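For reference, final_33.cif (mmCIF, C-alpha atoms and all ligand atoms):
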```cif
data_coords
loop_
_atom_site.label_atom_id
_atom_site.label_comp_id
_atom_site.auth_asym_id
_atom_site.auth_seq_id
_atom_site.Cartn_x
_atom_site.Cartn_y
_atom_site.Cartn_z
CA MET A 21 28.22 22.04 -6.27
CA GLY A 22 27.11 25.09 -4.24
CA ALA A 23 28.67 28.54 -4.30
CA LEU A 24 30.18 28.14 -0.82
CA ASN A 25 32.67 25.75 0.68
CA SER A 26 31.88 23.91 3.90
CA GLU A 27 34.19 26.16 5.94
CA GLN A 28 32.26 29.27 4.85
CA ILE A 29 28.92 27.66 5.64
CA GLN A 30 30.17 26.57 9.06
CA SER A 31 31.65 30.01 9.84
CA PHE A 32 28.41 31.74 8.91
CA GLU A 33 26.42 29.36 11.08
CA LYS A 34 28.79 29.30 14.05
CA ASP A 35 30.45 32.74 13.96
CA GLY A 36 27.86 34.73 12.01
CA PHE A 37 30.39 35.91 9.40
CA TYR A 38 33.25 35.05 7.09
CA ILE A 39 35.59 37.00 4.81
CA VAL A 40 36.33 36.16 1.18
CA ARG A 41 39.63 37.70 0.14
CA ASN A 42 39.64 39.19 -3.40
CA LEU A 43 35.94 38.69 -3.97
CA PHE A 44 36.47 41.39 -6.62
CA ASP A 45 39.88 41.78 -8.25
CA ASN A 46 41.87 45.01 -8.68
CA GLU A 47 40.55 45.69 -12.17
CA GLU A 48 36.95 45.32 -11.00
CA MET A 49 37.58 47.49 -7.96
CA ALA A 50 39.13 50.24 -10.11
CA ILE A 51 35.94 50.23 -12.22
CA ILE A 52 33.60 50.19 -9.21
CA ARG A 53 35.57 52.89 -7.37
CA GLU A 54 35.59 55.20 -10.39
CA ALA A 55 31.84 54.74 -10.87
CA VAL A 56 31.12 55.48 -7.20
CA GLU A 57 33.43 58.49 -7.04
CA THR A 58 32.23 60.15 -10.24
CA ASP A 59 28.51 59.41 -10.05
CA PRO A 60 26.57 62.67 -9.55
CA ASN A 61 23.67 60.76 -7.98
CA ILE A 62 25.97 59.57 -5.25
CA GLN A 63 27.49 63.00 -4.65
CA SER A 64 24.09 64.68 -4.42
CA ASN A 65 22.39 62.16 -2.12
CA PHE A 66 24.87 61.87 0.74
CA PHE A 67 23.54 62.68 4.20
CA ASP A 68 25.17 62.65 7.62
CA ARG A 69 24.62 60.17 10.41
CA GLU A 70 25.83 61.50 13.77
CA ASP A 71 27.48 59.43 16.47
CA ASN A 72 27.42 60.05 20.24
CA GLU A 73 30.37 62.46 20.03
CA GLY A 74 28.81 64.51 17.28
CA LEU A 75 31.09 63.14 14.57
CA SER A 76 29.41 62.23 11.30
CA THR A 77 29.64 59.38 8.86
CA LYS A 78 28.40 60.18 5.39
CA LEU A 79 25.77 57.76 4.24
CA ILE A 80 23.76 57.08 1.17
CA SER A 81 21.47 54.21 0.31
CA TRP A 82 19.47 53.04 -2.67
CA ASN A 83 16.84 50.39 -3.03
CA HIS A 84 17.45 48.81 -6.43
CA PRO A 85 20.80 47.77 -7.83
CA GLY A 86 20.33 48.91 -11.46
CA ASP A 87 22.99 48.63 -14.17
CA SER A 88 25.77 50.80 -12.73
CA SER A 89 29.13 49.16 -12.07
CA TYR A 90 28.28 48.89 -8.37
CA GLY A 91 24.75 47.69 -9.21
CA LEU A 92 26.29 44.90 -11.27
CA ALA A 93 28.46 44.01 -8.27
CA ALA A 94 25.32 43.70 -6.10
CA ARG A 95 23.75 41.48 -8.77
CA SER A 96 26.86 39.40 -9.44
CA LYS A 97 26.52 35.64 -9.44
CA ARG A 98 29.35 35.26 -6.91
CA ILE A 99 27.37 37.25 -4.32
CA VAL A 100 23.79 36.32 -5.15
CA GLU A 101 24.42 32.57 -5.24
CA SER A 102 26.31 32.79 -1.94
CA MET A 103 23.44 34.71 -0.34
CA GLU A 104 20.95 32.15 -1.62
CA GLU A 105 22.91 29.39 -0.04
CA LEU A 106 23.33 31.28 3.25
CA LEU A 107 19.67 32.28 3.48
CA GLY A 108 18.25 29.01 2.18
CA GLY A 109 16.54 30.07 -1.06
CA GLU A 110 15.86 32.92 -3.46
CA VAL A 111 16.97 36.35 -2.24
CA TYR A 112 16.30 39.91 -3.33
CA HIS A 113 18.22 43.15 -2.98
CA TYR A 114 16.92 44.99 0.10
CA HIS A 115 19.22 47.98 -0.43
CA THR A 116 22.84 49.00 -0.85
CA LYS A 117 24.53 51.48 1.48
CA LEU A 118 27.68 53.46 1.04
CA THR A 119 29.10 54.38 4.44
CA ALA A 120 31.86 56.91 4.02
CA LYS A 121 34.27 57.83 6.80
CA GLU A 122 36.44 60.71 5.77
CA PRO A 123 39.96 61.06 7.20
CA LYS A 124 39.95 62.50 10.75
CA GLU A 125 36.21 63.17 10.54
CA GLY A 126 34.31 59.93 10.03
CA GLY A 127 32.25 59.02 13.08
CA SER A 128 31.73 55.73 14.88
CA TRP A 129 28.88 53.22 14.74
CA GLU A 130 27.62 51.87 18.05
CA TRP A 131 27.11 48.17 18.68
CA HIS A 132 23.96 47.05 16.89
CA GLN A 133 22.34 44.28 14.90
CA ASP A 134 20.85 45.24 11.54
CA TYR A 135 17.82 43.08 12.23
CA GLY A 136 17.47 45.05 15.49
CA TYR A 137 15.92 47.82 13.39
CA TRP A 138 14.98 45.99 10.16
CA TYR A 139 12.55 44.09 12.40
CA HIS A 140 10.63 47.37 12.73
CA ASN A 141 10.35 47.56 8.96
CA GLY A 142 7.76 44.79 9.16
CA ILE A 143 10.19 41.97 8.49
CA GLN A 144 9.15 38.82 10.23
CA PHE A 145 12.20 36.54 10.13
CA PRO A 146 15.95 37.22 10.35
CA TYR A 147 16.54 35.69 6.92
CA MET A 148 18.75 38.59 5.93
CA ALA A 149 22.46 39.16 5.44
CA ASN A 150 24.97 41.72 4.20
CA VAL A 151 28.20 41.72 2.33
CA ILE A 152 30.62 44.59 2.89
CA VAL A 153 33.06 45.40 0.10
CA PRO A 154 35.57 48.11 1.09
CA LEU A 155 36.64 50.65 -1.52
CA ASP A 156 39.71 51.51 0.58
CA PRO A 157 41.93 49.47 2.89
CA ALA A 158 39.94 49.13 6.12
CA THR A 159 42.11 49.03 9.23
CA LYS A 160 41.77 49.48 12.99
CA GLU A 161 43.07 53.02 12.53
CA ASN A 162 40.45 54.17 10.04
CA GLY A 163 37.52 52.41 11.71
CA CYS A 164 37.11 48.96 10.19
CA LEU A 165 34.09 46.89 11.15
CA GLU A 166 34.32 45.03 14.47
CA VAL A 167 32.09 42.04 15.14
CA LEU A 168 31.29 39.95 18.20
CA LYS A 169 32.00 36.50 16.87
CA GLY A 170 29.02 34.18 17.40
CA SER A 171 26.74 36.89 18.83
CA HIS A 172 24.05 36.28 16.17
CA LEU A 173 23.21 33.16 18.21
CA MET A 174 21.70 35.41 20.90
CA GLY A 175 18.86 36.19 18.50
CA ARG A 176 17.46 39.66 18.08
CA ILE A 177 17.91 41.98 21.04
CA ASP A 178 16.17 45.29 21.76
CA HIS A 179 17.66 48.55 20.52
CA ASP A 180 17.33 52.14 21.69
CA LEU A 181 18.13 55.40 20.02
CA THR A 182 21.55 56.88 20.82
CA LYS A 183 22.26 60.51 21.69
CA GLY A 184 23.29 60.87 18.09
CA ASP A 185 21.32 59.51 15.21
CA GLN A 186 21.75 55.77 15.52
CA ALA A 187 20.18 52.64 16.99
CA TRP A 188 22.25 50.84 19.60
CA ALA A 189 21.77 47.51 21.26
CA ASP A 190 20.35 47.28 24.78
CA GLN A 191 23.25 48.26 27.06
CA GLU A 192 22.86 45.46 29.61
CA ARG A 193 22.71 42.76 26.95
CA MET A 194 25.73 44.39 25.31
CA LYS A 195 27.74 43.99 28.51
CA TRP A 196 26.83 40.32 28.58
CA ALA A 197 27.65 39.93 24.91
CA GLU A 198 31.05 41.57 25.28
CA GLU A 199 31.88 39.23 28.16
CA GLU A 200 30.74 36.21 26.20
CA PHE A 201 32.05 36.75 22.68
CA GLU A 202 35.40 37.59 21.12
CA THR A 203 35.68 40.98 19.37
CA VAL A 204 37.16 40.59 15.88
CA HIS A 205 38.46 43.59 13.93
CA CYS A 206 37.71 42.80 10.30
CA GLU A 207 40.65 44.40 8.55
CA MET A 208 40.19 44.16 4.81
CA GLU A 209 41.62 45.23 1.49
CA PRO A 210 39.52 46.78 -1.29
CA GLY A 211 37.59 44.01 -3.03
CA ASP A 212 37.47 41.65 -0.06
CA GLY A 213 33.95 40.62 0.95
CA LEU A 214 32.69 40.33 4.53
CA PHE A 215 29.49 38.27 4.59
CA PHE A 216 27.55 38.55 7.85
CA HIS A 217 24.27 37.56 9.46
CA CYS A 218 21.71 40.27 10.24
CA ASN A 219 21.76 39.43 13.97
CA LEU A 220 25.55 39.67 14.29
CA LEU A 221 26.50 42.48 16.70
CA HIS A 222 28.84 44.91 14.98
CA ARG A 223 30.25 48.39 15.40
CA SER A 224 33.09 50.53 14.09
CA ALA A 225 35.30 53.22 15.62
CA ALA A 226 35.72 56.78 14.42
CA ASN A 227 38.28 57.40 11.71
CA ARG A 228 41.15 59.21 13.47
CA SER A 229 43.58 58.47 10.67
CA GLU A 230 44.66 60.29 7.52
CA ASN A 231 43.06 57.62 5.36
CA ARG A 232 39.57 57.47 3.95
CA ARG A 233 37.39 54.44 4.71
CA TRP A 234 34.49 53.91 2.34
CA TYR A 235 32.36 50.76 2.40
CA LEU A 236 29.78 49.44 -0.02
CA ILE A 237 27.30 47.35 1.94
CA PHE A 238 24.97 45.15 -0.09
CA CYS A 239 21.93 43.95 1.91
CA TYR A 240 19.68 41.03 0.97
CA ASN A 241 16.45 39.59 2.22
CA ALA A 242 15.02 36.13 1.50
CA ALA A 243 12.24 36.24 -1.10
CA ARG A 244 10.04 34.18 1.24
CA ASN A 245 10.44 36.87 3.93
CA ASN A 246 8.50 39.62 2.17
CA PRO A 247 7.99 42.56 4.57
CA ARG A 248 4.54 42.71 6.16
CA LEU A 249 4.56 46.51 6.31
CA GLU A 250 5.27 49.13 3.74
CA HIS A 251 8.57 50.89 4.38
CA ASN A 252 11.08 53.02 2.53
CA HIS A 253 12.96 49.84 1.56
CA PRO A 254 11.35 47.53 -0.96
CA PHE A 255 9.06 44.59 -0.89
CA TYR A 256 10.19 41.50 -2.78
CA THR A 257 11.48 42.55 -6.19
CA PRO A 258 13.02 39.83 -8.42
CA LEU A 259 16.77 40.23 -8.62
CA GLN A 260 18.27 39.92 -12.10
CA MET A 261 21.54 38.12 -11.44
CA VAL A 262 24.45 38.81 -13.84
CA ASP A 263 27.50 36.77 -14.76
CA ASP A 264 30.69 37.49 -12.92
CA GLU A 265 32.23 38.98 -16.08
CA ALA A 266 29.60 41.73 -16.26
CA ILE A 267 31.59 44.42 -14.43
CA LYS A 268 34.65 44.11 -16.68
CA ASN A 269 32.57 43.69 -19.83
CA THR A 270 30.54 46.82 -19.07
CA GLY A 271 33.34 49.04 -17.75
CA VAL A 272 32.65 52.18 -15.74
CA LYS A 273 28.91 52.80 -15.72
CA LEU A 274 27.06 55.31 -13.58
CA SER A 275 23.59 54.98 -12.09
CA ASP A 276 20.41 55.79 -13.96
CA GLY A 277 19.17 57.83 -11.01
CA LYS A 278 15.53 56.77 -11.17
CA VAL A 279 15.86 53.00 -11.25
CA GLU A 280 17.97 52.91 -8.08
CA ASP A 281 15.53 54.93 -5.97
CA PHE A 282 18.14 56.78 -3.92
CA ARG A 283 17.01 57.40 -0.35
CA THR A 284 17.88 61.00 0.25
CA LYS A 285 17.03 61.45 3.89
CA ARG A 286 15.52 59.73 6.85
CA THR A 287 11.94 59.20 5.82
CA ASN A 288 10.98 56.67 8.45
CA PRO A 289 7.95 56.93 10.68
CA PRO A 290 8.94 57.89 14.25
CA ARG A 291 9.64 54.39 15.47
CA LEU A 292 13.00 52.90 16.21
CA GLN A 293 14.37 52.71 12.74
CA GLN A 294 17.24 53.95 10.68
CA ALA A 295 17.14 55.08 7.12
CA SER A 296 19.85 52.57 6.33
O1 LIG A 301 30.21 51.58 8.04
C1 LIG A 301 30.33 51.03 9.12
O2 LIG A 301 31.39 51.01 9.73
C2 LIG A 301 29.19 50.28 9.77
C3 LIG A 301 27.90 50.49 9.10
C4 LIG A 301 26.79 49.74 9.76
O3 LIG A 301 27.00 49.05 10.73
C5 LIG A 301 25.46 49.80 9.22
O4 LIG A 301 25.23 50.49 8.21
O5 LIG A 301 24.56 49.14 9.80
#
```
Could you spell out this file's structure in structure tokens?
Ligand SMILES: O=C(O)CCC(=O)C(=O)O
Amino acid sequence: MGALNSEQIQSFEKDGFYIVRNLFDNEEMAIIREAVETDPNIQSNFFDREDNEGLSTKLISWNHPGDSSYGLAARSKRIVESMEELLGGEVYHYHTKLTAKEPKEGGSWEWHQDYGYWYHNGIQFPYMANVIVPLDPATKENGCLEVLKGSHLMGRIDHDLTKGDQAWADQERMKWAEEEFETVHCEMEPGDGLFFHCNLLHRSAANRSENRRWYLIFCYNAARNNPRLEHNHPFYTPLQMVDDEAIKNTGVKLSDGKVEDFRTKRTNPPRLQQAS
């Protein structure tokens, strides 16, 4: 039997996303949260990504999952096997992002597709997907992810650079997309998992609330979709999957610092790309 049920497969194909409630339980999330919050490599590598209003989201990304508690989450059987089923074969870890919206300060993300800019990283096919695992409750008020249900079926659309520091989808196509597709606010609890296709249009509003909204975003590429160009995210690198018990068995574990290859700043060539 596969890792996914038929409803999840159908939702991914038809809607471009689905949510698994309690993908990680409370004990696992307490371990992962403590590791993220106390890891000096995370604290020292945050950078800001500005939105159109000049508000910033803190961001950090790293290329390899390593043995930290959150690295084990990215390598966990429950995620990797699901990704392999969604993307039709072996996958590897393309990077993990932590997008951190602080209370009252965290900026918005404009409508975009991740493959809109990953395409420019020399990646030939949209055989890529993400899973978002919130560290905090994610609500409309603190800027949860919004998706246009089914919009991945449009295929990749062009993106431009915003006034701030982001890529946003072609404005005319966006108007069409908003007319065509339902906007879904993906409210989630810590430990839920939002799996979504790399061509799904998504955005999130600024955090005007008193509550923090931090997301871990694990990104995967199909092994057979090795990038054609060198970029600051990795070529195919075999992913060492771990059993689902690994997080609890290991307890709180911080990153090595070297293995993960933290991406400190935007190091992209001047094409339409994001560091994320
Ligand atoms: O953190 C968010 O709300 C969205 C992040 C995002 O869309 C991205 O990193 O591509």
Self-check item: Nearby polymer residues, ligand LIG 301 (chain A), at most 10 Å, all atoms listed in the file, as JSON, numbers by chain
Solution: {"A": [69, 77, 78, 79, 80, 81, 116, 117, 118, 119, 120, 121, 126, 127, 128, 129, 130, 131, 132, 133, 134, 135, 136, 137, 150, 152, 154, 158, 162, 163, 164, 165, 166, 167, 186, 187, 218, 221, 222, 223, 224, 225, 226, 227, 233, 234, 235, 236, 237, 238, 239, 294, 295, 296]}
Enclose stretch 100-119 of chain A, meaning all of its atoms listed in the file, in a box aligned along x, y and z, pad it by 6 Å on each side, and list the centre and edge lengths in Å to one decimal, as lines of an AutoDock Vina configuration file.
```
center_x = 22.5
center_y = 41.7
center_z = -0.4
size_x = 25.2
size_y = 37.4
size_z = 21.7
```
Quiz item: A:Ile99: which residues within 9 Å, counting all atoms listed in the file, same-chain residues fewer than 6 positions away excluded, as an NGL selection string?
Solution: :A and (23 or 43 or 93 or 151)
Quiz item: Neighbours of A:Gln260 within 12 Å (only C-alpha atoms; same-chain residues fewer than 5 positions away dropped), as a PyMOL selection string?
Solution: chain A and resi 84-87+91-97+100-101+110-113
Practice problem: Report the distance between atom CA of A:Leu173 and atom CA of A:Gly213 in Å, rounded to one decimal place. | Solution: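 Separation of atom CA of A:Leu173 and atom CA of A:Gly213: 21.7 Å.
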Exercise. Write out as a VMD selection string which residues come within 10 Å of stretch 26-30 of chain A when counting only C-alpha atoms, dropping same-chain ones fewer than 2 positions away.
Key: chain A and resid 22 to 24 32 to 40 102 105 to 106 215
Quiz item: What does the distance between atom CA of A:Ile143 and atom CA of A:Glu198 come to in Å, to one decimal place?
Solution: 26.8 Å
Quiz item: What separation in Å, quoted to one decimal, exists between atom CA of A:Ser89 and atom CA of A:Ser275?
Solution: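 Distance between the two atoms: 8.0 Å.
With all atoms listed in the file as the atoms that count, the residue of A:Lys195, A:Lys124, A:His205, A:His217 with the shortest distance to A:Pro146 is A:His217.
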Exercise. For stretch 44-55 of chain A, please output as a list in words all residues within 9 Å (counting all atoms listed in the file; exclusion window: fewer than 2 positions along the same chain).
Key: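 Contacts, in chain order: Arg41, Asn42, Glu57, Thr58, Asp59, Ser88, Ser89, Tyr90, Ala93, Val153, Leu155, Pro210, Gly211, Asp212, Gly213, Ile267, Lys268, Gly271, Val272, Lys273, Leu274 and Ser275 of chain A.
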Exercise. Would you mind telling me which residue in A:Ser229, A:Asn72, A:Thr159, A:Thr284 lies nearest to A:Asn252 when using all atoms listed in the file?
Key: A:Thr284
Exercise. For each of A:Phe66, A:Glu73, A:Asn245, A:Met103, take the minimum atom-to-atom distance to A:Leu214, counting all atoms listed in the file, then give the residue where this is smallest.
Key: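 For A:Leu214, the nearest of the candidates is A:Met103.
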Quiz prompt | Pick from A:Val56, A:Ser171, A:Ile177, A:Lys183 nearest to A:Glu199, counting only C-alpha atoms | solution =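 When distances to A:Glu199 are compared using only C-alpha atoms, the smallest one comes from A:Ser171.
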